[in-house]
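**Student:** work13.txt is reproduced in full below (compact mmCIF, N, CA and C atoms).
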```
# COMPACT_ATOMS: atom_id res chain seq x y z
N MET I 16 -5.27 39.42 -3.39
CA MET I 16 -6.47 39.73 -4.15
C MET I 16 -7.67 38.95 -3.63
N SER I 17 -7.43 37.70 -3.22
CA SER I 17 -8.47 36.86 -2.63
C SER I 17 -7.77 35.71 -1.91
N PRO I 18 -8.51 34.86 -1.20
CA PRO I 18 -7.85 33.74 -0.51
C PRO I 18 -7.15 32.75 -1.45
N THR I 19 -7.55 32.72 -2.73
CA THR I 19 -6.94 31.76 -3.66
C THR I 19 -6.21 32.43 -4.83
N LEU I 20 -6.08 33.77 -4.80
CA LEU I 20 -5.46 34.48 -5.90
C LEU I 20 -4.46 35.51 -5.38
N ILE I 21 -3.21 35.42 -5.87
CA ILE I 21 -2.13 36.31 -5.43
C ILE I 21 -1.57 37.03 -6.65
N LYS I 22 -1.34 38.33 -6.52
CA LYS I 22 -0.71 39.11 -7.58
C LYS I 22 0.77 39.25 -7.24
N VAL I 23 1.63 38.94 -8.22
CA VAL I 23 3.08 39.02 -8.03
C VAL I 23 3.64 40.09 -8.97
N ASP I 24 4.33 41.05 -8.39
CA ASP I 24 5.08 42.06 -9.13
C ASP I 24 6.52 41.93 -8.64
N ALA I 25 7.41 41.48 -9.52
CA ALA I 25 8.79 41.24 -9.12
C ALA I 25 9.72 41.65 -10.24
N LEU I 26 11.01 41.65 -9.93
CA LEU I 26 12.04 41.98 -10.90
C LEU I 26 13.08 40.87 -10.90
N LEU I 27 13.34 40.30 -12.06
CA LEU I 27 14.35 39.25 -12.23
C LEU I 27 15.62 39.92 -12.74
N THR I 28 16.66 39.96 -11.89
CA THR I 28 17.90 40.63 -12.26
C THR I 28 19.07 39.67 -12.13
N GLY I 29 20.14 39.98 -12.81
CA GLY I 29 21.35 39.17 -12.76
C GLY I 29 21.91 38.96 -14.14
N LYS I 30 22.66 37.87 -14.31
CA LYS I 30 23.22 37.52 -15.61
C LYS I 30 22.90 36.07 -15.90
N THR I 31 22.75 35.77 -17.20
CA THR I 31 22.51 34.39 -17.62
C THR I 31 23.22 34.15 -18.95
N PRO I 32 23.72 32.94 -19.15
CA PRO I 32 24.39 32.65 -20.42
C PRO I 32 23.36 32.36 -21.52
N VAL I 33 23.66 32.86 -22.73
CA VAL I 33 22.83 32.58 -23.91
C VAL I 33 23.77 32.22 -25.06
N THR I 34 23.24 31.52 -26.05
CA THR I 34 24.02 31.10 -27.21
C THR I 34 23.67 31.95 -28.41
N CYS I 35 24.70 32.42 -29.10
CA CYS I 35 24.51 33.21 -30.32
C CYS I 35 23.94 32.29 -31.41
N ILE I 36 22.88 32.73 -32.08
CA ILE I 36 22.26 31.91 -33.12
C ILE I 36 23.09 31.88 -34.39
N ARG I 37 24.04 32.79 -34.49
CA ARG I 37 24.82 32.89 -35.72
C ARG I 37 26.13 32.09 -35.64
N CYS I 38 26.89 32.26 -34.56
CA CYS I 38 28.19 31.60 -34.48
C CYS I 38 28.24 30.49 -33.42
N GLY I 39 27.24 30.42 -32.54
CA GLY I 39 27.20 29.38 -31.52
C GLY I 39 27.99 29.68 -30.27
N GLU I 40 28.61 30.86 -30.21
CA GLU I 40 29.37 31.24 -29.02
C GLU I 40 28.41 31.59 -27.89
N GLU I 41 28.86 31.31 -26.68
CA GLU I 41 28.05 31.62 -25.50
C GLU I 41 28.51 32.95 -24.92
N GLU I 42 27.54 33.78 -24.51
CA GLU I 42 27.87 35.03 -23.84
C GLU I 42 26.83 35.29 -22.76
N ASN I 43 27.22 36.06 -21.77
CA ASN I 43 26.30 36.40 -20.68
C ASN I 43 25.54 37.67 -21.04
N ILE I 44 24.25 37.67 -20.72
CA ILE I 44 23.44 38.87 -20.89
C ILE I 44 22.96 39.32 -19.52
N ASN I 45 22.74 40.61 -19.38
CA ASN I 45 22.21 41.16 -18.14
C ASN I 45 20.69 41.03 -18.16
N LEU I 46 20.15 40.60 -17.03
CA LEU I 46 18.71 40.47 -16.90
C LEU I 46 18.15 41.63 -16.10
N ASP I 47 17.07 42.17 -16.56
CA ASP I 47 16.33 43.21 -15.86
C ASP I 47 14.88 43.08 -16.31
N GLU I 48 14.30 41.91 -16.00
CA GLU I 48 12.96 41.57 -16.49
C GLU I 48 11.91 41.76 -15.40
N LYS I 49 10.85 42.45 -15.76
CA LYS I 49 9.73 42.63 -14.83
C LYS I 49 8.83 41.40 -14.92
N LEU I 50 8.54 40.82 -13.76
CA LEU I 50 7.63 39.68 -13.69
C LEU I 50 6.32 40.19 -13.10
N ASP I 51 5.25 40.05 -13.85
CA ASP I 51 3.94 40.55 -13.43
C ASP I 51 2.92 39.47 -13.78
N PHE I 52 2.45 38.74 -12.76
CA PHE I 52 1.53 37.65 -13.02
C PHE I 52 0.67 37.36 -11.79
N LEU I 53 -0.30 36.49 -11.98
CA LEU I 53 -1.18 36.05 -10.90
C LEU I 53 -0.89 34.60 -10.58
N ILE I 54 -1.01 34.23 -9.31
CA ILE I 54 -0.90 32.84 -8.90
C ILE I 54 -2.25 32.44 -8.33
N SER I 55 -2.80 31.37 -8.88
CA SER I 55 -4.11 30.87 -8.45
C SER I 55 -3.94 29.51 -7.79
N ASP I 56 -4.50 29.38 -6.58
CA ASP I 56 -4.50 28.08 -5.90
C ASP I 56 -5.68 27.29 -6.46
N GLY I 57 -5.40 26.43 -7.42
CA GLY I 57 -6.44 25.69 -8.12
C GLY I 57 -6.69 26.30 -9.48
N ILE I 58 -7.74 25.83 -10.12
CA ILE I 58 -8.07 26.29 -11.47
C ILE I 58 -8.58 27.72 -11.42
N PHE I 59 -8.02 28.59 -12.27
CA PHE I 59 -8.41 29.99 -12.34
C PHE I 59 -9.67 30.10 -13.16
N LYS I 60 -10.70 30.73 -12.59
CA LYS I 60 -11.99 30.79 -13.26
C LYS I 60 -12.32 32.17 -13.80
N GLY I 61 -11.44 33.13 -13.60
CA GLY I 61 -11.71 34.47 -14.11
C GLY I 61 -11.34 34.59 -15.57
N ASN I 62 -12.17 35.26 -16.34
CA ASN I 62 -11.91 35.44 -17.77
C ASN I 62 -11.47 36.86 -18.09
N GLU I 63 -11.66 37.78 -17.16
CA GLU I 63 -11.44 39.19 -17.45
C GLU I 63 -9.98 39.62 -17.29
N SER I 64 -9.15 38.81 -16.71
CA SER I 64 -7.76 39.20 -16.45
C SER I 64 -6.90 39.05 -17.70
N GLU I 65 -6.07 40.08 -17.96
CA GLU I 65 -5.12 40.03 -19.07
C GLU I 65 -3.76 39.55 -18.58
N ASP I 66 -3.60 39.38 -17.27
CA ASP I 66 -2.33 38.93 -16.69
C ASP I 66 -2.12 37.45 -16.95
N LEU I 67 -0.83 37.06 -16.96
CA LEU I 67 -0.47 35.65 -17.00
C LEU I 67 -0.92 35.04 -15.68
N VAL I 68 -1.54 33.88 -15.74
CA VAL I 68 -2.00 33.20 -14.53
C VAL I 68 -1.28 31.87 -14.41
N ILE I 69 -0.64 31.66 -13.26
CA ILE I 69 0.03 30.40 -12.96
C ILE I 69 -0.82 29.67 -11.93
N GLU I 70 -1.24 28.46 -12.29
CA GLU I 70 -2.07 27.67 -11.38
C GLU I 70 -1.19 26.73 -10.57
N ILE I 71 -1.41 26.72 -9.25
CA ILE I 71 -0.65 25.84 -8.36
C ILE I 71 -1.61 24.89 -7.65
N GLU I 72 -1.05 23.87 -6.99
CA GLU I 72 -1.87 22.92 -6.25
C GLU I 72 -1.46 22.93 -4.78
N ASN I 73 -2.40 22.71 -3.91
CA ASN I 73 -2.17 22.56 -2.47
C ASN I 73 -1.55 23.79 -1.82
N GLY I 74 -1.70 24.96 -2.43
CA GLY I 74 -1.23 26.20 -1.83
C GLY I 74 0.28 26.33 -1.75
N ILE I 75 1.03 25.53 -2.51
CA ILE I 75 2.49 25.57 -2.46
C ILE I 75 3.02 26.31 -3.70
N ILE I 76 3.70 27.44 -3.47
CA ILE I 76 4.26 28.24 -4.56
C ILE I 76 5.74 27.91 -4.68
N ASP I 77 6.16 27.45 -5.84
CA ASP I 77 7.56 27.11 -6.08
C ASP I 77 8.18 28.22 -6.94
N PHE I 78 8.73 29.24 -6.26
CA PHE I 78 9.32 30.37 -6.98
C PHE I 78 10.55 29.96 -7.77
N ASP I 79 11.27 28.93 -7.31
CA ASP I 79 12.42 28.44 -8.08
C ASP I 79 11.97 27.96 -9.46
N GLU I 80 10.88 27.20 -9.49
CA GLU I 80 10.36 26.68 -10.76
C GLU I 80 9.87 27.83 -11.66
N ILE I 81 9.23 28.82 -11.07
CA ILE I 81 8.73 29.96 -11.84
C ILE I 81 9.91 30.73 -12.44
N CYS I 82 10.96 30.97 -11.65
CA CYS I 82 12.14 31.70 -12.16
C CYS I 82 12.87 30.89 -13.22
N GLU I 83 12.99 29.57 -13.03
CA GLU I 83 13.63 28.72 -14.03
C GLU I 83 12.86 28.75 -15.34
N SER I 84 11.55 28.76 -15.27
CA SER I 84 10.72 28.84 -16.46
C SER I 84 10.94 30.16 -17.20
N GLU I 85 11.01 31.26 -16.45
CA GLU I 85 11.27 32.56 -17.06
C GLU I 85 12.65 32.60 -17.71
N LEU I 86 13.66 32.03 -17.03
CA LEU I 86 15.01 31.99 -17.59
C LEU I 86 15.04 31.16 -18.87
N SER I 87 14.37 30.02 -18.87
CA SER I 87 14.32 29.17 -20.06
C SER I 87 13.69 29.92 -21.23
N SER I 88 12.67 30.67 -20.95
CA SER I 88 12.00 31.46 -21.99
C SER I 88 12.95 32.51 -22.55
N LEU I 89 13.68 33.19 -21.69
CA LEU I 89 14.63 34.21 -22.14
C LEU I 89 15.79 33.60 -22.92
N GLU I 90 16.27 32.44 -22.46
CA GLU I 90 17.40 31.79 -23.13
C GLU I 90 17.01 31.22 -24.49
N SER I 91 15.73 30.92 -24.70
CA SER I 91 15.30 30.36 -25.97
C SER I 91 15.07 31.44 -27.04
N ASP I 92 15.12 32.70 -26.66
CA ASP I 92 15.00 33.79 -27.64
C ASP I 92 16.20 33.76 -28.57
N TYR I 93 16.09 34.43 -29.71
CA TYR I 93 17.19 34.54 -30.65
C TYR I 93 18.14 35.63 -30.17
N HIS I 94 19.40 35.24 -29.94
CA HIS I 94 20.41 36.19 -29.50
C HIS I 94 21.56 36.21 -30.50
N ILE I 95 22.08 37.39 -30.75
CA ILE I 95 23.26 37.54 -31.60
C ILE I 95 24.34 38.22 -30.75
N CYS I 96 25.53 37.60 -30.70
CA CYS I 96 26.62 38.12 -29.86
C CYS I 96 27.16 39.44 -30.42
N LYS I 97 27.96 40.11 -29.61
CA LYS I 97 28.52 41.40 -30.01
C LYS I 97 29.42 41.28 -31.23
N ASN I 98 30.19 40.19 -31.32
CA ASN I 98 31.06 40.01 -32.48
C ASN I 98 30.26 39.90 -33.78
N CYS I 99 29.17 39.16 -33.75
CA CYS I 99 28.34 39.00 -34.95
C CYS I 99 27.58 40.27 -35.28
N LEU I 100 27.22 41.05 -34.28
CA LEU I 100 26.55 42.33 -34.54
C LEU I 100 27.48 43.30 -35.24
N ASP I 101 28.77 43.25 -34.88
CA ASP I 101 29.76 44.13 -35.50
C ASP I 101 30.13 43.68 -36.91
N ASP I 102 29.91 42.38 -37.21
CA ASP I 102 30.22 41.81 -38.52
C ASP I 102 29.05 42.10 -39.46
N ASN I 103 29.29 42.79 -40.55
CA ASN I 103 28.21 43.20 -41.45
C ASN I 103 27.94 42.20 -42.58
N ILE I 104 28.51 41.00 -42.52
CA ILE I 104 28.30 40.01 -43.56
C ILE I 104 26.84 39.51 -43.48
N GLU I 105 26.21 39.41 -44.65
CA GLU I 105 24.84 38.94 -44.70
C GLU I 105 24.74 37.50 -44.17
N ILE I 106 23.67 37.21 -43.47
CA ILE I 106 23.41 35.85 -42.99
C ILE I 106 22.69 35.10 -44.09
N GLU I 107 23.14 33.89 -44.41
CA GLU I 107 22.51 33.08 -45.44
C GLU I 107 21.12 32.66 -44.96
N LYS I 108 20.15 32.80 -45.81
CA LYS I 108 18.78 32.42 -45.48
C LYS I 108 18.39 31.20 -46.28
N GLU I 109 17.74 30.26 -45.63
CA GLU I 109 17.28 29.05 -46.31
C GLU I 109 15.76 29.00 -46.18
N PHE I 110 15.12 28.83 -47.30
CA PHE I 110 13.65 28.79 -47.28
C PHE I 110 13.16 27.45 -47.73
```
Any chance you could put this one into structure tokens?
**Tutor:**
Amino acid sequence: MSPTLIKVDALLTGKTPVTCIRCGEEENINLDEKLDFLISDGIFKGNESEDLVIEIENGIIDFDEICESELSSLESDYHICKNCLDDNIEIEKEF
């Protein structure tokens, strides 16, 4: 897009373990996540973009760190395992 701005369109695929919020069991989920963001070398000064902007320093892009961050975000979502989905017992709510 420019000497200091890169557009990334990628697909994160594979499997990752997640923990069921109801029973605590771990299960693997399939990943098929579209990654669509901008990488800016230095502070991003554009206000018109609706895309996620990741700011980097010294022109070094660490895709491992970006993918780990995406995985952490996906793993922190609320997941319910297949066994708990099949179980129709009401979940106790505490307010």
**Student:** Considering all atoms listed in the file, return as a CSV table (one decimal) with N, CA and C atoms, in the frame of the given file whatever protein or nucleic-acid residues lie within 6.5 Å of Ile36 of chain I, sequence-local ones (same chain, fewer than 2 positions apart) excluded.
**Tutor:**
```csv
chain,number,residue,atom,x,y,z
I,34,THR,N,23.2,31.5,-26.0
I,34,THR,CA,24.0,31.1,-27.2
I,34,THR,C,23.7,32.0,-28.4
I,38,CYS,N,26.9,32.3,-34.6
I,38,CYS,CA,28.2,31.6,-34.5
I,38,CYS,C,28.2,30.5,-33.4
I,39,GLY,N,27.2,30.4,-32.5
I,39,GLY,CA,27.2,29.4,-31.5
I,39,GLY,C,28.0,29.7,-30.3
I,40,GLU,N,28.6,30.9,-30.2
I,40,GLU,CA,29.4,31.2,-29.0
I,40,GLU,C,28.4,31.6,-27.9
I,93,TYR,N,16.1,34.4,-29.7
I,93,TYR,CA,17.2,34.5,-30.6
I,93,TYR,C,18.1,35.6,-30.2
I,94,HIS,N,19.4,35.2,-29.9
I,94,HIS,CA,20.4,36.2,-29.5
I,94,HIS,C,21.6,36.2,-30.5
I,95,ILE,N,22.1,37.4,-30.8
I,95,ILE,CA,23.3,37.5,-31.6
I,95,ILE,C,24.3,38.2,-30.8
I,96,CYS,N,25.5,37.6,-30.7
I,96,CYS,CA,26.6,38.1,-29.9
I,96,CYS,C,27.2,39.4,-30.4
```
**Student:** Go through chain I and collect every residue that DSSP, computed from the backbone, puts in alpha helix (DSSP H); the answer should be as a VMD selection string.
**Tutor:** chain I and resid 78 to 90 97 to 101
**Student:** Contacts of Ile75 of chain I at 12 Å or less, counting only C-alpha atoms, minus same-chain residues fewer than 4 places along, as a PDB file with N, CA and C atoms, in the coordinates of the input?
**Tutor:**
```pdb
ATOM      1  N   THR I  19      -7.550  32.720  -2.730  1.00  0.00           N
ATOM      2  CA  THR I  19      -6.940  31.760  -3.660  1.00  0.00           C
ATOM      3  C   THR I  19      -6.210  32.430  -4.830  1.00  0.00           C
ATOM      4  N   ILE I  54      -1.010  34.230  -9.310  1.00  0.00           N
ATOM      5  CA  ILE I  54      -0.900  32.840  -8.900  1.00  0.00           C
ATOM      6  C   ILE I  54      -2.250  32.440  -8.330  1.00  0.00           C
ATOM      7  N   SER I  55      -2.800  31.370  -8.880  1.00  0.00           N
ATOM      8  CA  SER I  55      -4.110  30.870  -8.450  1.00  0.00           C
ATOM      9  C   SER I  55      -3.940  29.510  -7.790  1.00  0.00           C
ATOM     10  N   ASP I  56      -4.500  29.380  -6.580  1.00  0.00           N
ATOM     11  CA  ASP I  56      -4.500  28.080  -5.900  1.00  0.00           C
ATOM     12  C   ASP I  56      -5.680  27.290  -6.460  1.00  0.00           C
ATOM     13  N   GLY I  57      -5.400  26.430  -7.420  1.00  0.00           N
ATOM     14  CA  GLY I  57      -6.440  25.690  -8.120  1.00  0.00           C
ATOM     15  C   GLY I  57      -6.690  26.300  -9.480  1.00  0.00           C
ATOM     16  N   ILE I  69      -0.640  31.660 -13.260  1.00  0.00           N
ATOM     17  CA  ILE I  69       0.030  30.400 -12.960  1.00  0.00           C
ATOM     18  C   ILE I  69      -0.820  29.670 -11.930  1.00  0.00           C
ATOM     19  N   GLU I  70      -1.240  28.460 -12.290  1.00  0.00           N
ATOM     20  CA  GLU I  70      -2.070  27.670 -11.380  1.00  0.00           C
ATOM     21  C   GLU I  70      -1.190  26.730 -10.570  1.00  0.00           C
ATOM     22  N   ILE I  71      -1.410  26.720  -9.250  1.00  0.00           N
ATOM     23  CA  ILE I  71      -0.650  25.840  -8.360  1.00  0.00           C
ATOM     24  C   ILE I  71      -1.610  24.890  -7.650  1.00  0.00           C
ATOM     25  N   ASP I  79      11.270  28.930  -7.310  1.00  0.00           N
ATOM     26  CA  ASP I  79      12.420  28.440  -8.080  1.00  0.00           C
ATOM     27  C   ASP I  79      11.970  27.960  -9.460  1.00  0.00           C
ATOM     28  N   GLU I  80      10.880  27.200  -9.490  1.00  0.00           N
ATOM     29  CA  GLU I  80      10.360  26.680 -10.760  1.00  0.00           C
ATOM     30  C   GLU I  80       9.870  27.830 -11.660  1.00  0.00           C
TER      31      GLU I  80
END
```
**Student:** Which residue out of I:Ile21, I:Leu26, I:Leu86, I:Ile81 has the minimum interatomic distance to Asp66 of chain I when only C-alpha atoms are used?
**Tutor:**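 For Asp66 of chain I, the nearest of the candidates is I:Ile21.
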**Student:** Restricting the calculation to all atoms listed in the file: of I:Arg37, I:Ile58, I:Leu50, I:Asp102, which residue gets closest to Glu72 of chain I?
**Tutor:** I:Ile58
**Student:** Can you measure atom CA of Glu48 of chain I to atom C of Gly61 of chain I for me? One decimal in Å is fine.
**Tutor:**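 Computing it gives 25.3 Å between the two atoms.
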**Student:** Point out the residue among I:Asn43, I:Asn98, I:Asn73, I:Ser84 with the least atom-to-atom distance to Lys30 of chain I, counting only C-alpha atoms.
**Tutor:**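 Going through I:Asn43, I:Asn98, I:Asn73, I:Ser84 one by one, the smallest distance to Lys30 of chain I is for I:Asn43.
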**Student:** Within 8 Å of Asp24 of chain I, counting all atoms listed in the file, which residues qualify if same-chain residues fewer than 5 places away don't, as a list in words?
**Tutor:**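 Residues near the query, excluding close chain neighbours: Lys49, Leu50, Asp51, Phe52 and Leu53 of chain I.
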